[in-house]
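Trainee: Here you go, this is my_file-v6.csv (CSV, N, CA and C atoms).
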```
chain,number,residue,atom,x,y,z
T,1,MET,N,-4.8,95.6,52.1
T,1,MET,CA,-5.5,94.8,53.0
T,1,MET,C,-4.7,94.7,54.3
T,2,GLU,N,-5.4,94.9,55.4
T,2,GLU,CA,-4.7,94.8,56.7
T,2,GLU,C,-4.9,93.4,57.3
T,3,LEU,N,-3.7,92.8,57.7
T,3,LEU,CA,-3.7,91.5,58.3
T,3,LEU,C,-3.9,91.6,59.8
T,4,THR,N,-4.9,90.9,60.3
T,4,THR,CA,-5.1,90.9,61.8
T,4,THR,C,-4.2,89.9,62.5
T,5,THR,N,-4.1,90.0,63.8
T,5,THR,CA,-3.2,89.1,64.5
T,5,THR,C,-3.7,87.7,64.4
T,6,SER,N,-5.0,87.4,64.4
T,6,SER,CA,-5.5,86.1,64.3
T,6,SER,C,-5.1,85.5,63.0
T,7,PHE,N,-5.1,86.3,61.9
T,7,PHE,CA,-4.7,85.8,60.6
T,7,PHE,C,-3.3,85.4,60.5
T,8,GLN,N,-2.4,86.3,61.1
T,8,GLN,CA,-1.0,86.1,61.1
T,8,GLN,C,-0.6,84.8,61.8
T,9,ASN,N,-1.4,84.4,62.9
T,9,ASN,CA,-1.0,83.3,63.7
T,9,ASN,C,-1.7,82.0,63.1
T,10,SER,N,-2.5,82.1,62.1
T,10,SER,CA,-3.2,80.9,61.5
T,10,SER,C,-2.5,80.4,60.3
T,11,ASN,N,-3.0,79.3,59.8
T,11,ASN,CA,-2.4,78.7,58.6
T,11,ASN,C,-3.3,79.0,57.4
T,12,LYS,N,-4.0,80.1,57.3
T,12,LYS,CA,-4.9,80.5,56.2
T,12,LYS,C,-4.1,80.9,55.0
T,13,ASP,N,-4.5,80.4,53.9
T,13,ASP,CA,-3.9,80.9,52.6
T,13,ASP,C,-4.3,82.3,52.3
T,14,PRO,N,-3.3,83.2,52.1
T,14,PRO,CA,-3.7,84.6,51.9
T,14,PRO,C,-4.6,84.9,50.8
T,15,GLN,N,-4.5,84.2,49.7
T,15,GLN,CA,-5.3,84.5,48.5
T,15,GLN,C,-6.7,84.0,48.8
T,16,LEU,N,-6.9,82.8,49.4
T,16,LEU,CA,-8.2,82.4,49.7
T,16,LEU,C,-8.9,83.2,50.8
T,17,TRP,N,-8.1,83.7,51.7
T,17,TRP,CA,-8.6,84.6,52.7
T,17,TRP,C,-9.1,85.9,52.1
T,18,ALA,N,-8.4,86.5,51.2
T,18,ALA,CA,-8.8,87.7,50.5
T,18,ALA,C,-10.1,87.4,49.7
T,19,MET,N,-10.2,86.3,49.0
T,19,MET,CA,-11.4,85.9,48.3
T,19,MET,C,-12.6,85.8,49.3
T,20,ALA,N,-12.4,85.2,50.4
T,20,ALA,CA,-13.4,85.0,51.4
T,20,ALA,C,-13.9,86.4,51.9
T,21,GLN,N,-12.9,87.3,52.1
T,21,GLN,CA,-13.3,88.6,52.6
T,21,GLN,C,-14.1,89.4,51.5
T,22,ARG,N,-13.7,89.3,50.2
T,22,ARG,CA,-14.5,89.9,49.2
T,22,ARG,C,-15.9,89.4,49.1
T,23,ARG,N,-16.1,88.0,49.2
T,23,ARG,CA,-17.4,87.4,49.1
T,23,ARG,C,-18.2,87.8,50.3
T,24,ALA,N,-17.6,87.8,51.5
T,24,ALA,CA,-18.4,88.2,52.7
T,24,ALA,C,-18.8,89.7,52.6
T,25,GLY,N,-17.9,90.5,52.0
T,25,GLY,CA,-18.2,91.9,51.8
T,25,GLY,C,-19.4,92.1,50.9
T,26,PHE,N,-19.4,91.3,49.8
T,26,PHE,CA,-20.5,91.3,48.9
T,26,PHE,C,-21.8,91.0,49.5
T,27,LYS,N,-21.8,89.9,50.3
T,27,LYS,CA,-23.1,89.5,51.0
T,27,LYS,C,-23.6,90.6,51.9
T,28,THR,N,-22.7,91.3,52.6
T,28,THR,CA,-23.1,92.4,53.5
T,28,THR,C,-23.6,93.5,52.7
T,29,ASN,N,-23.1,93.8,51.5
T,29,ASN,CA,-23.5,94.8,50.6
T,29,ASN,C,-24.9,94.5,50.1
T,30,VAL,N,-25.2,93.2,49.8
T,30,VAL,CA,-26.5,92.8,49.3
T,30,VAL,C,-27.6,93.1,50.4
T,31,VAL,N,-27.3,92.7,51.7
T,31,VAL,CA,-28.2,92.9,52.8
T,31,VAL,C,-28.5,94.4,52.9
T,32,SER,N,-27.5,95.2,52.9
T,32,SER,CA,-27.6,96.7,53.0
T,32,SER,C,-28.5,97.2,51.9
T,33,TYR,N,-28.2,96.8,50.7
T,33,TYR,CA,-28.9,97.2,49.5
T,33,TYR,C,-30.4,96.9,49.6
T,34,LEU,N,-30.7,95.7,50.0
T,34,LEU,CA,-32.1,95.4,50.1
T,34,LEU,C,-32.8,96.2,51.2
T,35,ALA,N,-32.2,96.3,52.4
T,35,ALA,CA,-32.8,97.0,53.5
T,35,ALA,C,-33.0,98.5,53.1
T,36,VAL,N,-32.0,99.2,52.6
T,36,VAL,CA,-32.0,100.6,52.4
T,36,VAL,C,-33.0,100.9,51.2
T,37,ASN,N,-33.0,100.1,50.2
T,37,ASN,CA,-33.9,100.3,49.0
T,37,ASN,C,-35.3,100.0,49.4
T,38,ALA,N,-35.5,99.0,50.2
T,38,ALA,CA,-36.9,98.7,50.7
T,38,ALA,C,-37.4,99.9,51.4
T,39,PHE,N,-36.6,100.5,52.3
T,39,PHE,CA,-37.0,101.7,53.1
T,39,PHE,C,-37.3,102.9,52.1
T,40,LEU,N,-36.4,103.1,51.1
T,40,LEU,CA,-36.7,104.2,50.2
T,40,LEU,C,-37.9,104.0,49.4
T,41,TRP,N,-38.2,102.8,48.9
T,41,TRP,CA,-39.4,102.6,48.2
T,41,TRP,C,-40.7,102.7,49.1
T,42,MET,N,-40.6,102.3,50.3
T,42,MET,CA,-41.7,102.4,51.2
T,42,MET,C,-41.9,103.9,51.5
T,43,LEU,N,-40.9,104.6,51.7
T,43,LEU,CA,-41.0,106.1,52.0
T,43,LEU,C,-41.6,106.8,50.8
T,44,TRP,N,-41.2,106.4,49.6
T,44,TRP,CA,-41.8,107.0,48.4
T,44,TRP,C,-43.3,106.7,48.4
T,45,TYR,N,-43.7,105.4,48.6
T,45,TYR,CA,-45.0,105.0,48.5
T,45,TYR,C,-45.9,105.6,49.6
T,46,PHE,N,-45.5,105.6,50.8
T,46,PHE,CA,-46.3,106.0,51.9
T,46,PHE,C,-46.4,107.6,52.1
T,47,THR,N,-45.5,108.3,51.4
T,47,THR,CA,-45.6,109.8,51.4
T,47,THR,C,-46.5,110.3,50.3
T,48,GLY,N,-47.2,109.4,49.6
T,48,GLY,CA,-48.1,109.8,48.6
T,48,GLY,C,-47.5,110.1,47.2
T,49,ALA,N,-46.2,109.9,47.1
T,49,ALA,CA,-45.6,110.2,45.8
T,49,ALA,C,-46.0,109.2,44.8
T,50,SER,N,-46.6,108.1,45.2
T,50,SER,CA,-47.0,107.1,44.2
T,50,SER,C,-48.3,107.3,43.6
T,51,THR,N,-48.9,108.5,43.8
T,51,THR,CA,-50.2,108.8,43.3
T,51,THR,C,-50.2,109.2,41.8
T,52,GLY,N,-49.0,109.3,41.2
T,52,GLY,CA,-49.0,109.5,39.8
T,52,GLY,C,-48.5,110.9,39.4
T,53,ARG,N,-48.2,111.7,40.4
T,53,ARG,CA,-47.7,113.1,40.1
T,53,ARG,C,-46.4,113.1,39.4
T,54,HIS,N,-45.6,112.1,39.7
T,54,HIS,CA,-44.3,112.1,39.0
T,54,HIS,C,-44.3,110.9,38.1
T,55,GLN,N,-43.7,111.0,36.9
T,55,GLN,CA,-43.6,109.9,36.0
T,55,GLN,C,-42.6,108.9,36.4
T,56,VAL,N,-41.4,109.3,36.9
T,56,VAL,CA,-40.4,108.4,37.3
T,56,VAL,C,-40.2,108.5,38.8
T,57,PRO,N,-40.4,107.4,39.5
T,57,PRO,CA,-40.3,107.4,41.0
T,57,PRO,C,-38.8,107.7,41.4
T,58,TRP,N,-38.6,108.6,42.3
T,58,TRP,CA,-37.2,109.0,42.7
T,58,TRP,C,-36.4,107.8,43.3
T,59,PRO,N,-37.0,106.8,43.9
T,59,PRO,CA,-36.1,105.7,44.5
T,59,PRO,C,-35.5,104.9,43.4
T,60,LEU,N,-36.0,105.0,42.1
T,60,LEU,CA,-35.4,104.3,41.0
T,60,LEU,C,-33.9,104.6,40.8
T,61,TYR,N,-33.6,105.9,41.0
T,61,TYR,CA,-32.2,106.4,40.8
T,61,TYR,C,-31.2,105.7,41.8
T,62,PRO,N,-31.4,105.8,43.1
T,62,PRO,CA,-30.5,105.1,44.0
T,62,PRO,C,-30.5,103.6,43.8
T,63,THR,N,-31.7,103.0,43.5
T,63,THR,CA,-31.7,101.6,43.3
T,63,THR,C,-30.9,101.2,42.1
T,64,LEU,N,-31.0,101.9,41.0
T,64,LEU,CA,-30.2,101.5,39.8
T,64,LEU,C,-28.7,101.8,40.0
T,65,GLY,N,-28.4,103.0,40.6
T,65,GLY,CA,-27.0,103.4,40.9
T,65,GLY,C,-26.3,102.4,41.8
T,66,TRP,N,-26.9,102.1,42.9
T,66,TRP,CA,-26.3,101.1,43.8
T,66,TRP,C,-26.3,99.7,43.2
T,67,GLY,N,-27.3,99.4,42.4
T,67,GLY,CA,-27.4,98.1,41.7
T,67,GLY,C,-26.2,97.9,40.8
T,68,ILE,N,-25.8,98.9,40.1
T,68,ILE,CA,-24.7,98.8,39.2
T,68,ILE,C,-23.4,98.5,40.0
T,69,GLY,N,-23.3,99.2,41.1
T,69,GLY,CA,-22.1,98.9,42.0
T,69,GLY,C,-22.2,97.5,42.5
T,70,LEU,N,-23.3,97.0,42.8
T,70,LEU,CA,-23.5,95.7,43.4
T,70,LEU,C,-23.1,94.6,42.3
T,71,VAL,N,-23.5,94.9,41.1
T,71,VAL,CA,-23.1,93.9,40.0
T,71,VAL,C,-21.6,93.9,39.9
T,72,ILE,N,-21.0,95.0,39.9
T,72,ILE,CA,-19.5,95.1,39.8
T,72,ILE,C,-18.9,94.4,41.0
T,73,HIS,N,-19.4,94.6,42.2
T,73,HIS,CA,-18.9,93.9,43.4
T,73,HIS,C,-19.1,92.4,43.2
T,74,TYR,N,-20.2,91.9,42.7
T,74,TYR,CA,-20.4,90.5,42.5
T,74,TYR,C,-19.4,89.9,41.5
T,75,ILE,N,-19.1,90.6,40.4
T,75,ILE,CA,-18.2,90.2,39.5
T,75,ILE,C,-16.8,90.0,40.1
T,76,ARG,N,-16.4,91.0,40.9
T,76,ARG,CA,-15.1,91.0,41.6
T,76,ARG,C,-15.0,89.9,42.6
T,77,ALA,N,-16.1,89.5,43.2
T,77,ALA,CA,-16.1,88.5,44.3
T,77,ALA,C,-16.3,87.1,43.8
T,78,TYR,N,-17.1,86.9,42.7
T,78,TYR,CA,-17.4,85.5,42.3
T,78,TYR,C,-17.0,85.2,40.9
T,79,VAL,N,-17.2,86.1,39.9
T,79,VAL,CA,-16.9,85.7,38.5
T,79,VAL,C,-15.4,85.8,38.2
T,80,TYR,N,-14.9,86.9,38.6
T,80,TYR,CA,-13.5,87.2,38.2
T,80,TYR,C,-12.7,87.7,39.4
T,81,PRO,N,-12.4,86.8,40.4
T,81,PRO,CA,-11.7,87.2,41.6
T,81,PRO,C,-10.3,87.4,41.3
T,82,ARG,N,-9.9,88.7,41.1
T,82,ARG,CA,-8.5,89.0,40.8
T,82,ARG,C,-7.7,89.3,42.1
T,83,GLN,N,-6.4,89.1,41.9
T,83,GLN,CA,-5.5,89.4,43.0
T,83,GLN,C,-5.5,91.0,43.1
T,84,ASP,N,-5.0,91.4,44.2
T,84,ASP,CA,-4.8,92.9,44.4
T,84,ASP,C,-3.8,93.4,43.3
T,85,LEU,N,-3.9,94.6,43.0
T,85,LEU,CA,-3.1,95.2,42.0
T,85,LEU,C,-1.6,95.1,42.4
T,86,ALA,N,-1.3,95.4,43.6
T,86,ALA,CA,0.1,95.3,44.1
T,86,ALA,C,0.7,93.9,43.9
T,87,GLU,N,-0.2,92.9,44.2
T,87,GLU,CA,0.3,91.5,44.1
T,87,GLU,C,0.6,91.1,42.7
T,88,ARG,N,-0.3,91.6,41.7
T,88,ARG,CA,-0.1,91.3,40.3
T,88,ARG,C,1.2,92.0,39.8
T,89,GLU,N,1.4,93.2,40.2
T,89,GLU,CA,2.6,93.9,39.8
T,89,GLU,C,3.9,93.3,40.4
T,90,TYR,N,3.8,92.8,41.6
T,90,TYR,CA,4.9,92.1,42.2
T,90,TYR,C,5.2,90.8,41.4
T,91,GLN,N,4.2,90.1,41.1
T,91,GLN,CA,4.4,88.8,40.3
T,91,GLN,C,5.0,89.1,38.9
T,92,LYS,N,4.6,90.2,38.3
T,92,LYS,CA,5.1,90.6,37.0
T,92,LYS,C,6.6,91.0,37.1
T,93,LEU,N,6.9,91.7,38.2
T,93,LEU,CA,8.3,92.1,38.4
T,93,LEU,C,9.2,90.8,38.7
T,94,MET,N,8.7,89.9,39.4
T,94,MET,CA,9.4,88.7,39.7
T,94,MET,C,9.7,87.9,38.5
T,95,GLN,N,8.7,87.8,37.6
T,95,GLN,CA,8.9,87.1,36.3
T,95,GLN,C,9.9,87.8,35.4
T,96,GLN,N,9.9,89.1,35.4
T,96,GLN,CA,10.9,89.9,34.6
T,96,GLN,C,12.3,89.7,35.2
T,97,ASN,N,12.4,89.7,36.5
T,97,ASN,CA,13.6,89.5,37.2
T,97,ASN,C,14.2,88.1,36.9
T,98,ASN,N,13.4,87.1,36.8
T,98,ASN,CA,13.9,85.8,36.6
T,98,ASN,C,14.4,85.6,35.2
T,99,ARG,N,13.9,86.4,34.2
T,99,ARG,CA,14.3,86.3,32.8
T,99,ARG,C,15.7,86.9,32.7
T,100,LEU,N,16.1,87.8,33.5
T,100,LEU,CA,17.4,88.5,33.4
T,100,LEU,C,18.5,87.6,33.8
```
Let me see whether you can do it: turn the structure in this file into structure tokens.

Mentor:
Amino acid sequence: MELTTSFQNSNKDPQLWAMAQRRAGFKTNVVSYLAVNAFLWMLWYFTGASTGRHQVPWPLYPTLGWGIGLVIHYIRAYVYPRQDLAEREYQKLMQQNNRL
């Protein structure tokens, strides 16, 4: 994660800032998901593909695929907000070092 100059000069907690960035990223992803998938479904509908020629509508695949990613993003942002991998490894090394 890259720290900006405004962040370095502020009194923001780094962990809370990282969590806020993940949540803001999730919200941006939701808006993109809704806009793009609405466009894909309208494209499918208005091009006549909804007339029943195909059993499975093709927009279902990107909707489900992106939806799975969106669920994972939600879990990382709200349900189980973990620290970065490097931060966790650093904490583990510090604990091991203190035992010695």

Trainee: State, in Å with one decimal place, the distance from atom N of Met42 of chain T to atom N of Pro59 of chain T.

Mentor: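 Spanning atom N of Met42 of chain T to atom N of Pro59 of chain T is a straight-line distance of 8.6 Å.
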
Trainee: State, in Å with one decimal place, the distance from atom C of Lys92 of chain T to atom CA of Gln15 of chain T.

Mentor: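 One can read the atom C of Lys92 of chain T to atom CA of Gln15 of chain T distance as 17.7 Å.
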
Trainee: What does the distance from atom N of Ala38 of chain T to atom CA of Trp66 of chain T come to in Å, to one decimal?

Mentor: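 Interatomic distance, atom N of Ala38 of chain T to atom CA of Trp66 of chain T: 11.4 Å.
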
Trainee: Using the chain letters and numbers from this document, which residues of chain T does DSSP assign to alpha helix (DSSP H), as a ChimeraX atom specification?

Mentor: /T:5-8,14-46,60-74,85-99

Trainee: I'd like to know which of T:Arg22, T:Arg99, T:Lys27, T:Lys12 is closest to Ala77 of chain T, using only C-alpha atoms.

Mentor: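 Distance minimum relative to Ala77 of chain T lands on T:Arg22.
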